[in-house]
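Listing of data_7.cif, mmCIF, C-alpha atoms
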data_start
loop_
_atom_site.group_PDB
_atom_site.id
_atom_site.type_symbol
_atom_site.label_atom_id
_atom_site.label_comp_id
_atom_site.auth_asym_id
_atom_site.auth_seq_id
_atom_site.Cartn_x
_atom_site.Cartn_y
_atom_site.Cartn_z
ATOM 1 C CA MET L 1 92.044 62.600 108.822
ATOM 2 C CA ASN L 2 90.200 60.731 106.050
ATOM 3 C CA ARG L 3 87.562 63.484 105.825
ATOM 4 C CA LEU L 4 90.214 66.186 105.338
ATOM 5 C CA TRP L 5 91.909 64.109 102.682
ATOM 6 C CA ILE L 6 88.615 63.653 100.799
ATOM 7 C CA ILE L 7 87.895 67.415 100.982
ATOM 8 C CA PHE L 8 91.388 68.175 99.663
ATOM 9 C CA ILE L 9 90.995 65.702 96.784
ATOM 10 C CA LEU L 10 87.582 67.134 95.872
ATOM 11 C CA ALA L 11 88.903 70.705 95.940
ATOM 12 C CA PHE L 12 91.950 69.766 93.883
ATOM 13 C CA THR L 13 89.994 67.801 91.252
ATOM 14 C CA THR L 14 87.406 70.583 90.955
ATOM 15 C CA CYS L 15 90.160 73.153 90.353
ATOM 16 C CA SER L 16 91.936 70.821 87.934
ATOM 17 C CA ALA L 17 88.728 70.213 86.022
ATOM 18 C CA LEU L 18 88.334 73.967 85.623
ATOM 19 C CA GLY L 19 91.943 74.299 84.496
ATOM 20 C CA GLN L 20 93.065 76.243 87.566
ATOM 21 C CA THR L 21 95.285 75.574 90.513
ATOM 22 C CA PRO L 22 93.814 76.401 93.936
ATOM 23 C CA LYS L 23 95.878 79.630 94.131
ATOM 24 C CA SER L 24 95.157 81.004 90.643
ATOM 25 C CA ARG L 25 92.470 83.628 90.082
ATOM 26 C CA GLY L 26 92.389 83.480 86.319
ATOM 27 C CA THR L 27 93.804 86.241 84.143
ATOM 28 C CA PRO L 28 91.321 88.827 82.877
ATOM 29 C CA ASN L 29 91.099 88.642 79.099
ATOM 30 C CA SER L 30 90.809 92.374 78.350
ATOM 31 C CA GLU L 31 92.106 95.688 79.593
ATOM 32 C CA GLU L 32 88.699 96.639 80.988
ATOM 33 C CA ALA L 33 88.264 93.257 82.709
ATOM 34 C CA LEU L 34 91.624 93.706 84.453
ATOM 35 C CA VAL L 35 90.681 97.199 85.653
ATOM 36 C CA GLN L 36 87.225 95.990 86.764
ATOM 37 C CA SER L 37 88.849 93.213 88.795
ATOM 38 C CA LEU L 38 91.446 95.583 90.296
ATOM 39 C CA TYR L 39 88.966 98.281 91.336
ATOM 40 C CA ASP L 40 86.594 95.723 92.860
ATOM 41 C CA LEU L 41 89.495 95.133 95.278
ATOM 42 C CA VAL L 42 90.361 98.831 95.635
ATOM 43 C CA VAL L 43 86.855 99.804 96.836
ATOM 44 C CA THR L 44 86.771 96.797 99.177
ATOM 45 C CA ARG L 45 90.266 97.005 100.705
ATOM 46 C CA HIS L 46 91.228 100.712 100.321
ATOM 47 C CA PRO L 47 94.995 100.159 100.062
ATOM 48 C CA ILE L 48 96.996 103.148 101.319
ATOM 49 C CA GLY L 49 100.566 103.626 100.109
ATOM 50 C CA ILE L 50 102.583 100.856 98.508
ATOM 51 C CA PRO L 51 100.698 97.597 99.180
ATOM 52 C CA ASP L 52 102.310 95.607 101.978
ATOM 53 C CA GLY L 53 101.365 92.639 104.144
ATOM 54 C CA ASP L 54 98.243 90.876 102.849
ATOM 55 C CA ASP L 55 97.631 93.668 100.314
ATOM 56 C CA LYS L 56 100.995 92.979 98.679
ATOM 57 C CA GLY L 57 99.859 89.522 97.565
ATOM 58 C CA VAL L 58 96.520 90.919 96.416
ATOM 59 C CA PHE L 59 97.630 93.964 94.402
ATOM 60 C CA MET L 60 101.207 93.367 93.200
ATOM 61 C CA PRO L 61 100.195 90.652 90.670
ATOM 62 C CA TYR L 62 98.236 93.340 88.786
ATOM 63 C CA LEU L 63 101.353 95.471 88.199
ATOM 64 C CA SER L 64 103.727 95.457 85.237
ATOM 65 C CA GLN L 65 107.398 94.590 85.626
ATOM 66 C CA LYS L 66 108.280 98.208 84.838
ATOM 67 C CA LEU L 67 105.996 99.541 87.587
ATOM 68 C CA LEU L 68 107.281 96.941 90.071
ATOM 69 C CA HIS L 69 110.826 98.127 89.271
ATOM 70 C CA LYS L 70 109.804 101.749 89.939
ATOM 71 C CA ILE L 71 108.370 100.654 93.292
ATOM 72 C CA ASP L 72 111.667 98.920 94.132
ATOM 73 C CA LEU L 73 113.564 102.127 93.271
ATOM 74 C CA PHE L 74 111.146 104.149 95.395
ATOM 75 C CA ARG L 75 111.687 101.846 98.366
ATOM 76 C CA ALA L 76 115.455 102.228 97.944
ATOM 77 C CA CYS L 77 115.054 106.026 97.756
ATOM 78 C CA ASP L 78 112.935 105.980 100.911
ATOM 79 C CA ALA L 79 115.604 103.863 102.651
ATOM 80 C CA ASP L 80 118.225 106.393 101.522
ATOM 81 C CA TRP L 81 116.142 109.239 102.986
ATOM 82 C CA LEU L 82 115.825 107.309 106.275
ATOM 83 C CA ARG L 83 119.626 106.789 106.412
ATOM 84 C CA ARG L 84 120.185 110.524 105.934
ATOM 85 C CA ASN L 85 117.396 111.515 108.339
ATOM 86 C CA PRO L 86 117.531 109.127 111.300
ATOM 87 C CA ASP L 87 115.360 111.332 113.551
ATOM 88 C CA PRO L 88 112.185 109.239 114.103
ATOM 89 C CA ASN L 89 110.136 112.433 114.548
ATOM 90 C CA LEU L 90 110.761 113.539 110.961
ATOM 91 C CA LYS L 91 108.054 112.735 108.440
ATOM 92 C CA PRO L 92 109.265 111.379 105.062
ATOM 93 C CA PRO L 93 108.593 113.827 102.222
ATOM 94 C CA PHE L 94 106.827 111.237 100.090
ATOM 95 C CA GLY L 95 103.080 111.741 99.619
ATOM 96 C CA VAL L 96 102.649 108.253 98.223
ATOM 97 C CA PHE L 97 102.615 106.860 101.785
ATOM 98 C CA GLU L 98 99.309 108.603 102.512
ATOM 99 C CA SER L 99 97.625 108.107 99.149
ATOM 100 C CA GLY L 100 95.661 105.379 97.507
ATOM 101 C CA ILE L 101 98.061 104.562 94.691
ATOM 102 C CA PHE L 102 95.147 103.455 92.499
ATOM 103 C CA SER L 103 92.862 106.375 93.338
ATOM 104 C CA GLY L 104 94.641 109.456 94.761
ATOM 105 C CA GLY L 105 95.195 111.306 98.027
ATOM 106 C CA ASP L 106 93.026 112.541 100.891
ATOM 107 C CA GLU L 107 89.379 111.376 100.593
ATOM 108 C CA ARG L 108 90.248 109.979 97.177
ATOM 109 C CA SER L 109 92.297 107.256 98.837
ATOM 110 C CA GLU L 110 89.103 105.482 99.934
ATOM 111 C CA PRO L 111 86.659 105.437 97.003
ATOM 112 C CA ARG L 112 83.234 104.008 97.741
ATOM 113 C CA THR L 113 82.228 103.121 94.177
ATOM 114 C CA PHE L 114 83.776 102.999 90.722
ATOM 115 C CA GLN L 115 82.693 102.692 87.118
ATOM 116 C CA VAL L 116 84.868 101.747 84.136
ATOM 117 C CA GLU L 117 83.853 104.336 81.534
ATOM 118 C CA SER L 118 85.962 103.869 78.419
ATOM 119 C CA THR L 119 89.203 102.570 76.933
ATOM 120 C CA GLN L 120 91.540 104.431 74.610
ATOM 121 C CA ALA L 121 94.356 102.840 72.586
ATOM 122 C CA GLU L 122 97.664 104.746 72.692
ATOM 123 C CA LYS L 123 100.306 104.949 69.937
ATOM 124 C CA ASP L 124 102.832 103.001 72.038
ATOM 125 C CA GLY L 125 100.514 99.965 72.199
ATOM 126 C CA SER L 126 99.287 100.636 75.735
ATOM 127 C CA HIS L 127 95.668 101.401 76.593
ATOM 128 C CA ARG L 128 94.189 103.971 78.961
ATOM 129 C CA VAL L 129 91.164 102.718 80.842
ATOM 130 C CA TYR L 130 89.179 105.624 82.296
ATOM 131 C CA VAL L 131 87.565 105.019 85.684
ATOM 132 C CA LYS L 132 85.059 107.231 87.517
ATOM 133 C CA LEU L 133 85.407 107.038 91.313
ATOM 134 C CA THR L 134 83.134 108.363 94.045
ATOM 135 C CA TRP L 135 83.554 109.043 97.747
ATOM 136 C CA GLY L 136 80.837 109.640 100.299
ATOM 137 C CA LYS L 137 77.481 108.073 101.057
ATOM 138 C CA PRO L 138 74.877 108.055 98.270
ATOM 139 C CA SER L 139 72.702 110.401 100.386
ATOM 140 C CA MET L 140 75.583 112.868 100.724
ATOM 141 C CA SER L 141 75.291 115.984 98.608
ATOM 142 C CA PRO L 142 77.419 116.608 96.766
ATOM 143 C CA GLN L 143 79.374 113.371 96.496
ATOM 144 C CA LEU L 144 83.039 113.672 95.595
ATOM 145 C CA ILE L 145 83.485 112.375 92.024
ATOM 146 C CA TRP L 146 86.803 112.127 90.185
ATOM 147 C CA ARG L 147 88.456 110.158 87.411
ATOM 148 C CA VAL L 148 91.695 108.308 86.873
ATOM 149 C CA ALA L 149 93.216 106.764 83.770
ATOM 150 C CA VAL L 150 94.779 103.356 84.327
ATOM 151 C CA VAL L 151 97.565 102.618 81.822
ATOM 152 C CA ILE L 152 97.456 98.961 80.786
ATOM 153 C CA VAL L 153 100.204 97.149 78.877
ATOM 154 C CA HIS L 154 100.416 93.660 77.473
ATOM 155 C CA GLU L 155 103.309 91.641 78.854
ATOM 156 C CA LYS L 156 104.011 87.929 79.130
ATOM 157 C CA SER L 157 100.733 87.090 77.333
ATOM 158 C CA SER L 158 98.589 88.945 79.886
ATOM 159 C CA PHE L 159 97.607 92.488 80.830
ATOM 160 C CA ALA L 160 99.221 94.561 83.591
ATOM 161 C CA VAL L 161 98.884 98.019 85.145
ATOM 162 C CA ASP L 162 101.821 100.168 84.053
ATOM 163 C CA ASP L 163 100.740 103.458 85.644
ATOM 164 C CA VAL L 164 97.788 105.324 87.140
ATOM 165 C CA ILE L 165 97.141 108.904 86.034
ATOM 166 C CA TYR L 166 95.249 111.141 88.445
ATOM 167 C CA LEU L 167 93.388 113.386 86.020
ATOM 168 C CA LYS L 168 93.081 117.141 86.331
ATOM 169 C CA ASP L 169 89.692 118.336 87.602
ATOM 170 C CA LYS L 170 88.058 121.245 89.457
ATOM 171 C CA ASP L 171 89.763 120.278 92.743
ATOM 172 C CA HIS L 172 93.195 119.395 91.291
ATOM 173 C CA ASP L 173 94.565 121.733 88.652
ATOM 174 C CA VAL L 174 97.390 119.475 87.469
ATOM 175 C CA GLU L 175 97.521 115.973 86.127
ATOM 176 C CA TRP L 176 99.770 113.709 88.198
ATOM 177 C CA SER L 177 100.694 110.054 88.033
ATOM 178 C CA LEU L 178 101.761 107.181 90.222
ATOM 179 C CA SER L 179 105.093 107.046 88.348
ATOM 180 C CA LYS L 180 105.754 110.712 89.128
ATOM 181 C CA SER L 181 104.886 110.121 92.789
ATOM 182 C CA LEU L 182 107.298 107.193 92.974
ATOM 183 C CA SER L 183 110.192 109.216 91.552
ATOM 184 C CA TYR L 184 109.423 112.547 93.279
ATOM 185 C CA GLN L 185 112.617 113.872 94.946
ATOM 186 C CA CYS L 186 114.466 110.697 93.915
ATOM 187 C CA ASP L 187 117.171 109.995 91.393
ATOM 188 C CA GLY L 188 116.703 106.256 90.991
ATOM 189 C CA PRO L 189 117.497 104.745 94.412
ATOM 190 C CA ARG L 190 118.953 108.022 95.770
ATOM 191 C CA TRP L 191 117.016 110.708 97.596
ATOM 192 C CA VAL L 192 117.961 114.112 96.165
ATOM 193 C CA GLY L 193 115.390 116.385 97.806
ATOM 194 C CA SER L 194 113.126 118.968 96.200
ATOM 195 C CA ASP L 195 115.668 121.764 95.931
ATOM 196 C CA GLN L 196 118.513 119.730 94.454
ATOM 197 C CA LYS L 197 119.209 119.244 90.791
ATOM 198 C CA ARG L 198 118.302 115.827 89.490
#
Give the structure from this file in structure tokens form.
Amino acid sequence: MNRLWIIFILAFTTCSALGQTPKSRGTPNSEEALVQSLYDLVVTRHPIGIPDGDDKGVFMPYLSQKLLHKIDLFRACDADWLRRNPDPNLKPPFGVFESGIFSGGDERSEPRTFQVESTQAEKDGSHRVYVKLTWGKPSMSPQLIWRVAVVIVHEKSSFAVDDVIYLKDKDHDVEWSLSKSLSYQCDGPRWVGSDQKR
């Protein structure tokens, strides 16, 4: 028991001396540092859909209050769809369940590498951090390469991810975003379907 107590005291005093509690990771001090930290986790953990379980504690702290609210509305919309469609054999019409919300769908949901390329200030005070992602082994030819723009806002004296934009490229002819995916076929917490007026 005395050994455990000594280890705890040493760990606590070391963290205190560094100005951190044992649970804190430190807040990145720039938009690019936040995105670098986030995508280190994305290529390691490959989160699919809305982070849940262990991934929830890992990824949700990176998100803005506005994006967290959109996720709450999406979950309510999904629950509304499930109430209206109780057949367990029906597949929900939401693509976000099968996508990497930070990277995209299909193979893009499991990027192997990433590179932060540039940052662009927007008129509304947000910043877009452009990230190049790759999928496939380095020996694979050709590797799948695509880009996303991570929208970063400043809130509560730190940076947070407010959206992820899946940029148009040769394989995807339209630009799409995480926010659009979260509200697709939803009117706030209500499911309205694709053919209904919103």
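You can rank L:Asp173, L:Asp106, L:Asp162, L:Asp52 by their closest distance to Gly125 in chain L using only C-alpha atoms, and at the top of that list sits L:Asp162.
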Item to check | Pick from L:Phe114, L:Phe74, L:Trp146, L:Phe97, whichever lies nearest to Asp187 in chain L using all atoms listed in the file | outcome: L:Phe74
Item to check | Chain and number of each residue from the PyMOL selection byres ((chain L and resi 95) around 12), as a PyMOL selection string | outcome: chain L and resi 48-50+74+78+91-94+96-101+104-106+109+177-178+180-185
Checklist entry - Trp135 in chain L: which residues within 12 Å, counting all atoms listed in the file, same-chain residues fewer than 2 positions away excluded, as a list of chain:residue names? => result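 Listing them by chain and then by number gives L:Val43, L:His46, L:Ser103, L:Gly104, L:Gly105, L:Asp106, L:Glu107, L:Arg108, L:Ser109, L:Glu110, L:Pro111, L:Arg112, L:Thr113, L:Phe114, L:Lys132, L:Leu133, L:Lys137, L:Pro138, L:Ser139, L:Met140, L:Ser141, L:Pro142, L:Gln143, L:Leu144, L:Ile145, L:Trp146, L:Arg147.
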Next on the checklist: Residue by residue, what does the PyMOL selection byres ((chain L and resi 80-84) around 9) grab here? Present the result as a ChimeraX atom specification.
Outcome noted: /L:75-79,85-88,92-93,189-193
Would you put the residues from that selection into a file with C-alpha atoms, as an mmCIF file, keeping the file's coordinate frame?
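Result file part.cif:
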data_model
loop_
_atom_site.group_PDB
_atom_site.id
_atom_site.type_symbol
_atom_site.label_atom_id
_atom_site.label_comp_id
_atom_site.auth_asym_id
_atom_site.auth_seq_id
_atom_site.Cartn_x
_atom_site.Cartn_y
_atom_site.Cartn_z
ATOM 1 C CA ARG L 75 111.687 101.846 98.366
ATOM 2 C CA ALA L 76 115.455 102.228 97.944
ATOM 3 C CA CYS L 77 115.054 106.026 97.756
ATOM 4 C CA ASP L 78 112.935 105.980 100.911
ATOM 5 C CA ALA L 79 115.604 103.863 102.651
ATOM 6 C CA ASN L 85 117.396 111.515 108.339
ATOM 7 C CA PRO L 86 117.531 109.127 111.300
ATOM 8 C CA ASP L 87 115.360 111.332 113.551
ATOM 9 C CA PRO L 88 112.185 109.239 114.103
ATOM 10 C CA PRO L 92 109.265 111.379 105.062
ATOM 11 C CA PRO L 93 108.593 113.827 102.222
ATOM 12 C CA PRO L 189 117.497 104.745 94.412
ATOM 13 C CA ARG L 190 118.953 108.022 95.770
ATOM 14 C CA TRP L 191 117.016 110.708 97.596
ATOM 15 C CA VAL L 192 117.961 114.112 96.165
ATOM 16 C CA GLY L 193 115.390 116.385 97.806
#
Item to check | Answer key for the PyMOL selection byres ((chain L and resi 119) around 9), residues as an MDAnalysis selection string | outcome: chainID L and resid 31:32 116:118 120:121 127:130 149
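One distance worth recording is that between CA of Phe59 in chain L and CA of Leu41 in chain L, which is 8.3 Å.
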Item to check | Between CA of Val148 in chain L and CA of Tyr166 in chain L, distance in Å (one decimal) | outcome: 4.8 Å
Item to check | Between CA of Pro51 in chain L and CA of Ile71 in chain L, distance in Å (one decimal) | outcome: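 So the answer is 10.1 Å.
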Item to check | Expected answer as a PyMOL selection string: all residues with atoms within 10 Å of (100.5, 95.3, 90.8), all atoms listed in the file | outcome: chain L and resi 38+50-51+56-65+67-68+71+102+160-163
Item to check | Nearest candidate to Lys123 in chain L (options L:Asp54, L:Val153, L:Gly136, L:Ser30; using all atoms listed in the file) | outcome: L:Val153
